[in-house]
file final_24.pdb (PDB, C-alpha atoms)
ATOM      1  CA  MET A  28      -8.812  21.993  -5.148
ATOM      2  CA  THR A  29     -10.757  19.546  -3.038
ATOM      3  CA  MET A  30      -9.039  17.778  -0.179
ATOM      4  CA  ASP A  31     -12.189  16.193   1.119
ATOM      5  CA  LEU A  32     -11.842  12.694   2.540
ATOM      6  CA  LYS A  33     -15.215  12.439   4.266
ATOM      7  CA  GLY A  34     -16.340   8.811   4.412
ATOM      8  CA  LYS A  35     -12.912   7.531   3.360
ATOM      9  CA  ILE A  36     -10.944   5.028   5.378
ATOM     10  CA  ALA A  37      -7.178   5.489   5.520
ATOM     11  CA  LEU A  38      -4.546   3.213   6.983
ATOM     12  CA  VAL A  39      -1.170   4.672   7.911
ATOM     13  CA  THR A  40       1.686   2.382   8.929
ATOM     14  CA  GLY A  41       4.154   3.632  11.495
ATOM     15  CA  ALA A  42       1.622   6.247  12.520
ATOM     16  CA  SER A  43       2.574   6.731  16.146
ATOM     17  CA  ARG A  44       5.413   9.163  15.483
ATOM     18  CA  GLY A  45       7.067  11.434  12.955
ATOM     19  CA  ILE A  46       5.765  11.655   9.396
ATOM     20  CA  GLY A  47       3.245   8.850   9.976
ATOM     21  CA  ARG A  48       1.694  10.639  12.917
ATOM     22  CA  ALA A  49       1.451  13.937  11.026
ATOM     23  CA  THR A  50      -0.080  12.095   8.059
ATOM     24  CA  ALA A  51      -2.687  10.304  10.165
ATOM     25  CA  ILE A  52      -3.763  13.605  11.699
ATOM     26  CA  SER A  53      -3.777  15.456   8.414
ATOM     27  CA  LEU A  54      -5.913  12.786   6.698
ATOM     28  CA  ALA A  55      -8.292  12.848   9.650
ATOM     29  CA  ARG A  56      -8.527  16.611   9.495
ATOM     30  CA  ALA A  57      -9.578  16.242   5.840
ATOM     31  CA  GLY A  58     -12.395  13.959   6.987
ATOM     32  CA  ALA A  59     -11.002  10.438   6.837
ATOM     33  CA  SER A  60     -11.348   7.760   9.476
ATOM     34  CA  VAL A  61      -7.879   6.490  10.234
ATOM     35  CA  VAL A  62      -6.305   3.180  11.148
ATOM     36  CA  ILE A  63      -3.189   3.931  13.160
ATOM     37  CA  ASN A  64      -0.642   1.161  12.823
ATOM     38  CA  TYR A  65       2.393   1.069  15.084
ATOM     39  CA  SER A  66       4.953  -1.503  16.159
ATOM     40  CA  SER A  67       6.257  -0.596  19.609
ATOM     41  CA  ASN A  68       5.107   2.661  21.190
ATOM     42  CA  THR A  69       1.551   2.006  22.392
ATOM     43  CA  ALA A  70       1.274   5.231  24.353
ATOM     44  CA  ALA A  71       2.268   7.325  21.343
ATOM     45  CA  ALA A  72      -0.229   5.485  19.097
ATOM     46  CA  GLU A  73      -3.023   6.015  21.631
ATOM     47  CA  ALA A  74      -2.123   9.705  21.809
ATOM     48  CA  VAL A  75      -2.554   9.993  18.019
ATOM     49  CA  LYS A  76      -5.908   8.244  18.338
ATOM     50  CA  LYS A  77      -7.020  10.744  20.940
ATOM     51  CA  GLU A  78      -5.895  13.658  18.817
ATOM     52  CA  ILE A  79      -7.918  12.325  15.868
ATOM     53  CA  GLU A  80     -10.980  11.710  18.010
ATOM     54  CA  ASP A  81     -10.705  15.243  19.317
ATOM     55  CA  LEU A  82     -11.091  16.346  15.692
ATOM     56  CA  GLY A  83     -14.391  14.458  15.654
ATOM     57  CA  ARG A  84     -13.078  11.601  13.484
ATOM     58  CA  SER A  85     -12.848   7.885  14.115
ATOM     59  CA  ALA A  86      -9.586   6.093  14.685
ATOM     60  CA  LEU A  87      -8.511   2.538  15.322
ATOM     61  CA  VAL A  88      -5.137   1.544  16.714
ATOM     62  CA  VAL A  89      -3.645  -1.735  15.470
ATOM     63  CA  ARG A  90      -0.259  -3.030  16.485
ATOM     64  CA  ALA A  91       1.595  -4.899  13.730
ATOM     65  CA  ASP A  92       5.155  -5.302  12.574
ATOM     66  CA  VAL A  93       5.007  -4.620   8.828
ATOM     67  CA  ALA A  94       8.051  -6.837   8.298
ATOM     68  CA  ASP A  95       5.821  -9.828   9.057
ATOM     69  CA  TYR A  96       3.323 -10.770   6.351
ATOM     70  CA  ASP A  97       0.855 -12.505   8.679
ATOM     71  CA  GLN A  98       0.717  -9.445  10.897
ATOM     72  CA  CYS A  99      -0.021  -7.275   7.847
ATOM     73  CA  GLU A 100      -2.890  -9.568   6.858
ATOM     74  CA  HIS A 101      -4.212  -9.251  10.386
ATOM     75  CA  LEU A 102      -3.782  -5.482  10.235
ATOM     76  CA  MET A 103      -5.874  -5.207   7.050
ATOM     77  CA  LYS A 104      -8.463  -7.593   8.398
ATOM     78  CA  SER A 105      -8.826  -5.597  11.612
ATOM     79  CA  ALA A 106      -9.178  -2.399   9.599
ATOM     80  CA  ILE A 107     -11.863  -3.825   7.321
ATOM     81  CA  ASP A 108     -13.715  -5.601  10.130
ATOM     82  CA  HIS A 109     -13.925  -2.295  11.954
ATOM     83  CA  PHE A 110     -14.557   0.226   9.166
ATOM     84  CA  LYS A 111     -16.057  -2.154   6.548
ATOM     85  CA  ARG A 112     -13.803  -0.853   3.781
ATOM     86  CA  ILE A 113     -10.459   0.722   2.970
ATOM     87  CA  ASP A 114      -9.624   3.491   0.513
ATOM     88  CA  ILE A 115      -6.171   4.814   1.279
ATOM     89  CA  LEU A 116      -2.963   3.052   2.322
ATOM     90  CA  VAL A 117       0.074   5.061   3.384
ATOM     91  CA  ASN A 118       3.152   2.880   3.739
ATOM     92  CA  ASN A 119       5.223   4.954   6.074
ATOM     93  CA  ALA A 120       6.721   2.568   8.639
ATOM     94  CA  GLY A 121      10.468   2.649   8.406
ATOM     95  CA  ILE A 122      13.664   2.162  10.385
ATOM     96  CA  THR A 123      17.334   3.008   9.985
ATOM     97  CA  ARG A 124      20.428   0.989  10.865
ATOM     98  CA  ASP A 125      23.085   3.305   9.477
ATOM     99  CA  ASN A 126      26.605   2.064   8.950
ATOM    100  CA  LEU A 127      29.285   2.237   6.310
ATOM    101  CA  LEU A 128      29.146  -0.845   4.148
ATOM    102  CA  ALA A 129      32.593  -1.924   5.346
ATOM    103  CA  ARG A 130      31.111  -2.264   8.828
ATOM    104  CA  MET A 131      27.494  -3.079   8.024
ATOM    105  CA  LYS A 132      26.342  -6.328   9.580
ATOM    106  CA  ALA A 133      24.051  -8.667   7.686
ATOM    107  CA  GLU A 134      21.441  -8.107  10.414
ATOM    108  CA  GLU A 135      21.542  -4.347   9.843
ATOM    109  CA  TRP A 136      21.070  -4.838   6.126
ATOM    110  CA  GLN A 137      18.294  -7.364   6.607
ATOM    111  CA  ALA A 138      16.330  -5.468   9.252
ATOM    112  CA  VAL A 139      16.065  -2.383   7.047
ATOM    113  CA  ILE A 140      15.118  -4.370   3.934
ATOM    114  CA  ASP A 141      12.550  -6.362   5.934
ATOM    115  CA  THR A 142      10.759  -3.323   7.318
ATOM    116  CA  ASN A 143      11.274  -0.658   4.676
ATOM    117  CA  LEU A 144      10.934  -2.717   1.504
ATOM    118  CA  ASN A 145       9.294  -6.032   2.380
ATOM    119  CA  GLY A 146       6.924  -4.101   4.643
ATOM    120  CA  VAL A 147       5.623  -2.203   1.617
ATOM    121  CA  TYR A 148       5.123  -5.440  -0.313
ATOM    122  CA  ASN A 149       3.408  -7.042   2.695
ATOM    123  CA  CYS A 150       0.928  -4.225   3.228
ATOM    124  CA  CYS A 151       0.207  -3.728  -0.474
ATOM    125  CA  ARG A 152      -0.282  -7.444  -0.958
ATOM    126  CA  ALA A 153      -2.679  -7.579   1.960
ATOM    127  CA  VAL A 154      -4.699  -4.574   0.809
ATOM    128  CA  ILE A 155      -4.891  -5.292  -2.895
ATOM    129  CA  ARG A 156      -7.629  -7.907  -2.860
ATOM    130  CA  PRO A 157      -9.978  -5.848  -0.703
ATOM    131  CA  LEU A 158      -9.305  -2.813  -2.905
ATOM    132  CA  LEU A 159     -10.011  -4.721  -6.127
ATOM    133  CA  LYS A 160     -13.103  -6.282  -4.628
ATOM    134  CA  GLN A 161     -14.540  -2.915  -3.637
ATOM    135  CA  LYS A 162     -14.296  -1.770  -7.261
ATOM    136  CA  SER A 163     -14.106   1.840  -6.217
ATOM    137  CA  GLY A 164     -10.474   2.690  -6.913
ATOM    138  CA  GLY A 165      -8.025   3.529  -4.176
ATOM    139  CA  ARG A 166      -4.910   5.434  -3.233
ATOM    140  CA  ILE A 167      -1.570   4.014  -2.189
ATOM    141  CA  ILE A 168       1.166   6.379  -1.090
ATOM    142  CA  ASN A 169       4.588   5.021  -0.231
ATOM    143  CA  VAL A 170       7.030   7.030   1.818
ATOM    144  CA  ALA A 171      10.410   6.671   0.131
ATOM    145  CA  SER A 172      13.374   8.979   0.653
ATOM    146  CA  VAL A 173      15.762  11.175  -1.287
ATOM    147  CA  ALA A 174      18.370   8.610  -0.220
ATOM    148  CA  GLY A 175      16.561   6.159  -2.502
ATOM    149  CA  ILE A 176      17.159   8.486  -5.448
ATOM    150  CA  HIS A 177      20.595   9.971  -4.819
ATOM    151  CA  GLY A 178      22.098   7.440  -2.422
ATOM    152  CA  ASN A 179      23.539   8.468   0.923
ATOM    153  CA  SER A 180      26.820   7.471   2.483
ATOM    154  CA  GLY A 181      26.257   5.240   5.510
ATOM    155  CA  GLN A 182      22.803   4.223   4.335
ATOM    156  CA  ALA A 183      23.347   1.501   1.738
ATOM    157  CA  ASN A 184      20.565  -0.580   3.312
ATOM    158  CA  TYR A 185      18.134   2.331   3.681
ATOM    159  CA  ALA A 186      18.850   3.731   0.214
ATOM    160  CA  ALA A 187      18.497   0.301  -1.410
ATOM    161  CA  ALA A 188      15.165  -0.284   0.334
ATOM    162  CA  LYS A 189      13.830   3.178  -0.551
ATOM    163  CA  GLY A 190      15.019   2.901  -4.144
ATOM    164  CA  GLY A 191      13.181  -0.399  -4.260
ATOM    165  CA  VAL A 192      10.054   1.267  -2.911
ATOM    166  CA  ILE A 193      10.183   3.809  -5.740
ATOM    167  CA  ALA A 194      10.497   1.131  -8.431
ATOM    168  CA  PHE A 195       7.779  -0.887  -6.716
ATOM    169  CA  SER A 196       5.451   2.145  -6.683
ATOM    170  CA  ARG A 197       5.962   2.825 -10.383
ATOM    171  CA  THR A 198       5.223  -0.810 -11.175
ATOM    172  CA  MET A 199       2.102  -0.914  -8.998
ATOM    173  CA  ALA A 200       0.864   2.229 -10.743
ATOM    174  CA  LYS A 201       1.032   0.365 -14.048
ATOM    175  CA  GLU A 202      -0.588  -2.801 -12.732
ATOM    176  CA  LEU A 203      -3.457  -1.048 -11.018
ATOM    177  CA  GLY A 204      -4.126   2.028 -13.123
ATOM    178  CA  SER A 205      -6.949   0.355 -15.023
ATOM    179  CA  ARG A 206      -8.773  -0.055 -11.694
ATOM    180  CA  ASN A 207      -8.411   3.593 -10.767
ATOM    181  CA  ILE A 208      -5.981   2.754  -7.986
ATOM    182  CA  THR A 209      -3.199   5.330  -7.978
ATOM    183  CA  VAL A 210       0.192   4.556  -6.505
ATOM    184  CA  ASN A 211       2.707   7.291  -5.794
ATOM    185  CA  ALA A 212       5.747   7.851  -3.649
ATOM    186  CA  VAL A 213       6.928  10.831  -1.675
ATOM    187  CA  ALA A 214      10.638  11.220  -1.098
ATOM    188  CA  PRO A 215      11.311  13.301   1.999
ATOM    189  CA  GLY A 216      14.689  14.861   2.565
ATOM    190  CA  LEU A 217      15.760  15.772   6.079
ATOM    191  CA  ILE A 218      12.683  16.069   8.254
ATOM    192  CA  GLU A 219      12.550  16.970  11.952
ATOM    193  CA  THR A 220      11.694  13.574  13.419
ATOM    194  CA  GLU A 221      13.167  11.165  15.933
ATOM    195  CA  MET A 222      14.876   9.501  12.978
ATOM    196  CA  THR A 223      16.982  12.573  12.254
ATOM    197  CA  GLU A 224      17.275  13.707  15.872
ATOM    198  CA  VAL A 225      20.142  11.294  16.331
ATOM    199  CA  LEU A 226      22.288  13.047  13.716
ATOM    200  CA  SER A 227      25.178  15.011  15.178
ATOM    201  CA  ASP A 228      25.137  18.816  14.996
ATOM    202  CA  ASP A 229      28.115  18.619  12.642
ATOM    203  CA  VAL A 230      26.236  16.442  10.189
ATOM    204  CA  LYS A 231      23.110  18.581  10.455
ATOM    205  CA  GLU A 232      25.066  21.769   9.820
ATOM    206  CA  GLN A 233      26.753  20.241   6.831
ATOM    207  CA  VAL A 234      23.452  19.078   5.384
ATOM    208  CA  LEU A 235      21.736  22.412   6.039
ATOM    209  CA  SER A 236      24.235  24.142   3.781
ATOM    210  CA  ARG A 237      23.037  21.933   0.942
ATOM    211  CA  ILE A 238      19.299  22.586   1.418
ATOM    212  CA  ALA A 239      18.019  25.446  -0.727
ATOM    213  CA  LEU A 240      15.374  26.349   1.841
ATOM    214  CA  GLY A 241      18.064  26.386   4.534
ATOM    215  CA  ARG A 242      16.165  24.382   7.121
ATOM    216  CA  LEU A 243      14.930  20.900   7.920
ATOM    217  CA  GLY A 244      11.392  20.044   6.870
ATOM    218  CA  LYS A 245       8.525  19.453   9.285
ATOM    219  CA  PRO A 246       6.566  16.185   9.342
ATOM    220  CA  GLU A 247       3.417  18.215   8.617
ATOM    221  CA  GLU A 248       4.976  19.485   5.396
ATOM    222  CA  VAL A 249       5.398  15.919   4.166
ATOM    223  CA  ALA A 250       1.905  15.044   5.381
ATOM    224  CA  GLU A 251       0.457  17.857   3.236
ATOM    225  CA  VAL A 252       1.881  16.283   0.093
ATOM    226  CA  ILE A 253       0.627  12.845   1.112
ATOM    227  CA  LEU A 254      -2.816  14.344   1.720
ATOM    228  CA  PHE A 255      -2.733  15.878  -1.766
ATOM    229  CA  LEU A 256      -1.876  12.479  -3.306
ATOM    230  CA  ALA A 257      -4.560  10.791  -1.196
ATOM    231  CA  SER A 258      -7.317  13.211  -2.106
ATOM    232  CA  SER A 259      -7.282  15.592  -5.032
ATOM    233  CA  ALA A 260      -4.483  14.241  -7.239
ATOM    234  CA  ASN A 261      -6.837  12.184  -9.406
ATOM    235  CA  TYR A 262      -4.625  12.111 -12.491
ATOM    236  CA  VAL A 263      -1.272  11.537 -10.798
ATOM    237  CA  THR A 264       0.116   8.025 -10.555
ATOM    238  CA  GLY A 265       3.511   6.348 -10.679
ATOM    239  CA  GLN A 266       5.212   9.540  -9.538
ATOM    240  CA  VAL A 267       7.792  10.409  -6.931
ATOM    241  CA  ILE A 268       7.392  13.785  -5.282
ATOM    242  CA  LEU A 269      10.475  15.097  -3.548
ATOM    243  CA  VAL A 270       9.724  16.937  -0.328
ATOM    244  CA  ASP A 271      13.237  17.980   0.500
ATOM    245  CA  GLY A 272      13.508  21.778   0.353
ATOM    246  CA  SER A 273      15.748  21.138  -2.653
ATOM    247  CA  LEU A 274      18.492  19.120  -1.083
ATOM    248  CA  SER A 275      21.539  18.446  -3.219
ATOM    249  CA  MET A 276      23.263  15.288  -2.122
TER
ATOM    250  CA  MET B  15     -28.018 -23.724  -9.280
ATOM    251  CA  SER B  16     -25.659 -25.746 -11.474
ATOM    252  CA  VAL B  17     -21.920 -25.067 -11.480
ATOM    253  CA  GLU B  18     -22.240 -23.965 -15.081
ATOM    254  CA  THR B  19     -24.882 -21.340 -14.336
ATOM    255  CA  LYS B  20     -23.003 -20.113 -11.285
ATOM    256  CA  VAL B  21     -19.702 -19.845 -13.138
ATOM    257  CA  LYS B  22     -21.315 -18.010 -16.050
ATOM    258  CA  ASP B  23     -22.998 -15.582 -13.668
ATOM    259  CA  ILE B  24     -19.692 -14.849 -11.938
ATOM    260  CA  ILE B  25     -17.856 -14.365 -15.228
ATOM    261  CA  ALA B  26     -20.612 -12.127 -16.560
ATOM    262  CA  ASP B  27     -20.560 -10.075 -13.386
ATOM    263  CA  GLN B  28     -16.785  -9.813 -13.062
ATOM    264  CA  LEU B  29     -16.007  -9.138 -16.698
ATOM    265  CA  GLU B  30     -19.104  -7.086 -17.389
ATOM    266  CA  VAL B  31     -20.457  -9.113 -20.286
ATOM    267  CA  ALA B  32     -24.014 -10.286 -20.912
ATOM    268  CA  VAL B  33     -24.462 -13.807 -19.594
ATOM    269  CA  ASP B  34     -26.197 -14.916 -22.829
ATOM    270  CA  LYS B  35     -23.022 -14.023 -24.735
ATOM    271  CA  LEU B  36     -21.145 -16.717 -22.830
ATOM    272  CA  SER B  37     -20.876 -20.282 -24.069
ATOM    273  CA  LYS B  38     -18.449 -22.991 -22.988
ATOM    274  CA  GLU B  39     -16.364 -22.173 -26.045
ATOM    275  CA  THR B  40     -16.037 -18.481 -25.198
ATOM    276  CA  THR B  41     -12.379 -17.699 -24.473
ATOM    277  CA  PHE B  42     -11.187 -14.879 -22.258
ATOM    278  CA  GLU B  43      -9.556 -13.397 -25.294
ATOM    279  CA  ASP B  44     -12.977 -13.251 -26.989
ATOM    280  CA  ILE B  45     -14.293 -11.050 -24.185
ATOM    281  CA  ASP B  46     -11.142  -8.912 -23.958
ATOM    282  CA  ALA B  47     -10.199  -9.993 -20.444
ATOM    283  CA  ASP B  48      -6.715  -8.830 -19.453
ATOM    284  CA  SER B  49      -4.484 -10.486 -16.844
ATOM    285  CA  LEU B  50      -5.880  -8.415 -13.983
ATOM    286  CA  ASP B  51      -9.436  -9.304 -15.075
ATOM    287  CA  ILE B  52      -8.465 -12.962 -14.777
ATOM    288  CA  VAL B  53      -7.007 -12.374 -11.302
ATOM    289  CA  GLU B  54     -10.226 -10.704 -10.198
ATOM    290  CA  LEU B  55     -12.262 -13.521 -11.681
ATOM    291  CA  VAL B  56     -10.135 -16.082  -9.852
ATOM    292  CA  MET B  57     -10.631 -14.146  -6.591
ATOM    293  CA  ALA B  58     -14.394 -14.264  -7.087
ATOM    294  CA  LEU B  59     -14.347 -17.975  -7.926
ATOM    295  CA  GLU B  60     -12.155 -18.764  -4.917
ATOM    296  CA  GLU B  61     -14.586 -16.954  -2.688
ATOM    297  CA  GLU B  62     -17.754 -18.427  -4.186
ATOM    298  CA  PHE B  63     -16.535 -22.023  -4.230
ATOM    299  CA  ASP B  64     -14.274 -21.775  -1.167
ATOM    300  CA  LEU B  65     -11.113 -23.055  -2.816
ATOM    301  CA  GLU B  66      -7.638 -21.905  -3.719
ATOM    302  CA  ILE B  67      -6.593 -21.839  -7.352
ATOM    303  CA  SER B  68      -2.834 -21.988  -7.979
ATOM    304  CA  ASP B  69      -1.012 -19.861 -10.552
ATOM    305  CA  GLN B  70      -0.251 -23.020 -12.491
ATOM    306  CA  GLU B  71      -3.916 -23.958 -12.638
ATOM    307  CA  ILE B  72      -4.834 -20.460 -13.780
ATOM    308  CA  GLU B  73      -2.488 -20.830 -16.746
ATOM    309  CA  ASN B  74      -4.507 -23.764 -18.037
ATOM    310  CA  ILE B  75      -7.793 -21.893 -17.886
ATOM    311  CA  ASN B  76      -8.534 -20.117 -21.134
ATOM    312  CA  SER B  77     -12.252 -20.464 -21.720
ATOM    313  CA  VAL B  78     -15.563 -20.498 -19.893
ATOM    314  CA  GLY B  79     -15.664 -24.284 -20.410
ATOM    315  CA  ASP B  80     -12.203 -24.615 -18.808
ATOM    316  CA  VAL B  81     -13.473 -22.824 -15.703
ATOM    317  CA  ILE B  82     -16.582 -25.000 -15.459
ATOM    318  CA  LYS B  83     -14.547 -28.172 -15.900
ATOM    319  CA  TYR B  84     -12.017 -27.035 -13.294
ATOM    320  CA  ILE B  85     -14.648 -26.087 -10.704
ATOM    321  CA  GLU B  86     -16.598 -29.314 -11.302
ATOM    322  CA  SER B  87     -13.421 -31.302 -10.634
ATOM    323  CA  LYS B  88     -12.957 -29.514  -7.303
ATOM    324  CA  VAL B  89     -16.428 -29.353  -5.749
TER
END

call {"tool": "encode", "arguments": {"input": "final_24.pdb", "output": "C-alpha cells"}}
result
Amino acid sequence: MTMDLKGKIALVTGASRGIGRATAISLARAGASVVINYSSNTAAAEAVKKEIEDLGRSALVVRADVADYDQCEHLMKSAIDHFKRIDILVNNAGITRDNLLARMKAEEWQAVIDTNLNGVYNCCRAVIRPLLKQKSGGRIINVASVAGIHGNSGQANYAAAKGGVIAFSRTMAKELGSRNITVNAVAPGLIETEMTEVLSDDVKEQVLSRIALGRLGKPEEVAEVILFLASSANYVTGQVILVDGSLSM
Amino acid sequence: MSVETKVKDIIADQLEVAVDKLSKETTFEDIDADSLDIVELVMALEEEFDLEISDQEIENINSVGDVIKYIESKV
C-alpha cells in the first residue's frame, strides 16, 4: 500500500487543533505540502506549521472562517498562489453548540449549520474549479460524525449538519467521479479533542460503556484513515468510514 | 484569430475532439458532451473571453454555432 503524497498539495480546514491538526501533520509526514486553515487560534496554527516544517515539508497558514464564502475563495486563492496547485481538500473545521431542542436558540442552530455544513459547501465550491482545471483528479475528504448517522441527543444542529455532509459527499462523488476526483467522508465517534474535553465524566463514562474498544479514539487514529482516503484509496468514493471504535448509540 | 476559430479551438481542447470535426451545426450531443463537460467548457470560455455566462444562458447553448453567436454578441 502506498501512502506517498510527495509533490501533492493538501488543504486542511480547522487544522490548528484536534483532528485537523493531526491530519495536517499526518499528510505532511506522507510527503504533502500543507495549507493550514484556522479561524481563531493563531499561535496553535503557527505551532502546526512549525511541526510540519520540522518534518522537512512546506506549510502555509491561512486564517479564514469557513462559514463565509468570500473567505473560502480567498483561502483557496492564497493556497494556489503559494503552491501553484491543489490536490487534496480535507473539510474538517467544525463547532458544537449543544443543547436540547426545547432550549436550542436559533443562533445555536444557525452557527453550527453555517460552519459545519455551509462551510463544506463553501470550501468545495471554491476548490472545484481549480481542481477541474488542473485535470489531474483530486481528493476531497469531509469530516462528518457518527452523530450524523445515528443522531445524538442534545446535538440536533450538529447531527443535522453532519448528516448533510454525508449526503453532500455521496452526491459530490457522483458528480465528480468521471474526473477522477474522489469524495469520501469519515465519521469519527468520540475522539480525545478539545471538543469532547468539555463532556462531564458522567457522560464520558456512560459513552465508554458503549464503545467496543472501551476507550476514546485519538485524533491521530482519525488522521490515519483520512490519509488512507487521501493517498492510496484510488477506487473508493462516495463512502463513509466510521472511526468510532464501534460505538453503539 | 477570429472568434469562431478561438471557440472551436477551446471546444476541441476541452472536449477532446478533432477541431476539423467541428462545424457550426455540431451539437454537444453529437460529441457526447455531458453536463460536467459543458460546465468545464463554460469555465474555459469565461476565462478566455473574460466574461460571466449565466446558467440561463448556458441552457440556450446547444451547438458550436450557438457558442460562437453568444460570444460574438458579448465581445

call {"tool": "interface_residues", "arguments": {"input": "final_24.pdb", "of": "chain A", "to": "chain B", "cutoff": "9 Å", "atoms": "all atoms listed in the file", "output": "list of chain:residue names"}}
result
A:Arg156, A:Leu159, A:Lys160, A:Glu202, A:Leu203, A:Ser205

call {"tool": "closest_residue", "arguments": {"input": "final_24.pdb", "among": "A:Gly34, A:Gly175, A:Gly58, A:Gly181", "to": "Ala194 in chain A", "atoms": "only C-alpha atoms"}}
result
A:Gly175

call {"tool": "residues_near_point", "arguments": {"input": "final_24.pdb", "point": "(-8.8, -19.2, -7.8)", "cutoff": "9 Å", "atoms": "all atoms listed in the file", "output": "PyMOL selection string"}}
result
chain B and resi 53-61+63-69+71-72

call {"tool": "resolve_selection", "arguments": {"input": "final_24.pdb", "expression": "the PyMOL selection byres ((chain B and resi 79) around 10)", "output": "tab-separated table (two decimals) with C-alpha atoms, in the coordinates of the input"}}
result
chain	number	residue	atom	x	y	z
B	18	GLU	CA	-22.24	-23.96	-15.08
B	21	VAL	CA	-19.70	-19.84	-13.14
B	22	LYS	CA	-21.32	-18.01	-16.05
B	36	LEU	CA	-21.14	-16.72	-22.83
B	37	SER	CA	-20.88	-20.28	-24.07
B	38	LYS	CA	-18.45	-22.99	-22.99
B	39	GLU	CA	-16.36	-22.17	-26.04
B	40	THR	CA	-16.04	-18.48	-25.20
B	41	THR	CA	-12.38	-17.70	-24.47
B	75	ILE	CA	-7.79	-21.89	-17.89
B	76	ASN	CA	-8.53	-20.12	-21.13
B	77	SER	CA	-12.25	-20.46	-21.72
B	78	VAL	CA	-15.56	-20.50	-19.89
B	80	ASP	CA	-12.20	-24.62	-18.81
B	81	VAL	CA	-13.47	-22.82	-15.70
B	82	ILE	CA	-16.58	-25.00	-15.46
B	83	LYS	CA	-14.55	-28.17	-15.90
B	84	TYR	CA	-12.02	-27.04	-13.29
B	85	ILE	CA	-14.65	-26.09	-10.70

call {"tool": "atom_distance", "arguments": {"input": "final_24.pdb", "atom1": "CA of Ala120 in chain A", "atom2": "CA of Ser236 in chain A"}}
result
28.2 Å

call {"tool": "atom_distance", "arguments": {"input": "final_24.pdb", "atom1": "CA of Ile168 in chain A", "atom2": "CA of Asn119 in chain A"}}
result
8.4 Å

call {"tool": "resolve_selection", "arguments": {"input": "final_24.pdb", "expression": "the PyMOL selection byres ((chain A and resi 187-192) around 12)", "output": "PyMOL selection string"}}
result
chain A and resi 118-124+136-148+151+167-186+193-199+210-215+265-267

call {"tool": "write_last_selection", "arguments": {"input": "final_24.pdb", "atoms": "C-alpha atoms", "output": "short mmCIF file (atom, residue, chain, number, x, y, z; two decimals), in the coordinates of the input"}}
result
data_model
loop_
_atom_site.label_atom_id
_atom_site.label_comp_id
_atom_site.auth_asym_id
_atom_site.auth_seq_id
_atom_site.Cartn_x
_atom_site.Cartn_y
_atom_site.Cartn_z
CA ASN A 118 3.15 2.88 3.74
CA ASN A 119 5.22 4.95 6.07
CA ALA A 120 6.72 2.57 8.64
CA GLY A 121 10.47 2.65 8.41
CA ILE A 122 13.66 2.16 10.38
CA THR A 123 17.33 3.01 9.98
CA ARG A 124 20.43 0.99 10.86
CA TRP A 136 21.07 -4.84 6.13
CA GLN A 137 18.29 -7.36 6.61
CA ALA A 138 16.33 -5.47 9.25
CA VAL A 139 16.07 -2.38 7.05
CA ILE A 140 15.12 -4.37 3.93
CA ASP A 141 12.55 -6.36 5.93
CA THR A 142 10.76 -3.32 7.32
CA ASN A 143 11.27 -0.66 4.68
CA LEU A 144 10.93 -2.72 1.50
CA ASN A 145 9.29 -6.03 2.38
CA GLY A 146 6.92 -4.10 4.64
CA VAL A 147 5.62 -2.20 1.62
CA TYR A 148 5.12 -5.44 -0.31
CA CYS A 151 0.21 -3.73 -0.47
CA ILE A 167 -1.57 4.01 -2.19
CA ILE A 168 1.17 6.38 -1.09
CA ASN A 169 4.59 5.02 -0.23
CA VAL A 170 7.03 7.03 1.82
CA ALA A 171 10.41 6.67 0.13
CA SER A 172 13.37 8.98 0.65
CA VAL A 173 15.76 11.18 -1.29
CA ALA A 174 18.37 8.61 -0.22
CA GLY A 175 16.56 6.16 -2.50
CA ILE A 176 17.16 8.49 -5.45
CA HIS A 177 20.60 9.97 -4.82
CA GLY A 178 22.10 7.44 -2.42
CA ASN A 179 23.54 8.47 0.92
CA SER A 180 26.82 7.47 2.48
CA GLY A 181 26.26 5.24 5.51
CA GLN A 182 22.80 4.22 4.34
CA ALA A 183 23.35 1.50 1.74
CA ASN A 184 20.56 -0.58 3.31
CA TYR A 185 18.13 2.33 3.68
CA ALA A 186 18.85 3.73 0.21
CA ILE A 193 10.18 3.81 -5.74
CA ALA A 194 10.50 1.13 -8.43
CA PHE A 195 7.78 -0.89 -6.72
CA SER A 196 5.45 2.14 -6.68
CA ARG A 197 5.96 2.82 -10.38
CA THR A 198 5.22 -0.81 -11.18
CA MET A 199 2.10 -0.91 -9.00
CA VAL A 210 0.19 4.56 -6.50
CA ASN A 211 2.71 7.29 -5.79
CA ALA A 212 5.75 7.85 -3.65
CA VAL A 213 6.93 10.83 -1.68
CA ALA A 214 10.64 11.22 -1.10
CA PRO A 215 11.31 13.30 2.00
CA GLY A 265 3.51 6.35 -10.68
CA GLN A 266 5.21 9.54 -9.54
CA VAL A 267 7.79 10.41 -6.93
#

call {"tool": "atom_distance", "arguments": {"input": "final_24.pdb", "atom1": "CA of Glu134 in chain A", "atom2": "CA of Ala94 in chain A"}}
result
13.6 Å

call {"tool": "axis_aligned_box", "arguments": {"input": "final_24.pdb", "around": "range 67-73 of chain A", "padding_each_side": "5 Å", "output": "JSON"}}
result
{"center_x": 1.6, "center_y": 3.4, "center_z": 21.7, "size_x": 19.3, "size_y": 17.9, "size_z": 15.3}

call {"tool": "resolve_selection", "arguments": {"input": "final_24.pdb", "expression": "the PyMOL selection byres ((chain A and resi 100) around 10)", "output": "PyMOL selection string"}}
result
chain A and resi 91+93+95-99+101-106+149-154

call {"tool": "closest_residue", "arguments": {"input": "final_24.pdb", "among": "A:Leu217, A:Leu82, A:Ala72, A:Leu269", "to": "Ser53 in chain A", "atoms": "all atoms listed in the file"}}
result
A:Leu82

call {"tool": "residues_around", "arguments": {"input": "final_24.pdb", "residues": "Pro246 in chain A", "least_positions_apart": "2", "cutoff": "7 Å", "atoms": "only C-alpha atoms", "output": "list in words"}}
result
Gly45, Ile46, Ala49, Ile218, Glu219, Gly244, Glu248, Val249 and Ala250 of chain A

call {"tool": "residues_around", "arguments": {"input": "final_24.pdb", "residues": "Thr209 in chain A", "least_positions_apart": "3", "cutoff": "7 Å", "atoms": "all atoms listed in the file", "output": "compact mmCIF listing (two decimals) with C-alpha atoms, in the coordinates of the input"}}
result
# COMPACT_ATOMS: atom_id res chain seq x y z
CA GLY A 165 -8.02 3.53 -4.18
CA ARG A 166 -4.91 5.43 -3.23
CA ILE A 167 -1.57 4.01 -2.19
CA ALA A 200 0.86 2.23 -10.74
CA GLY A 204 -4.13 2.03 -13.12
CA THR A 264 0.12 8.02 -10.56
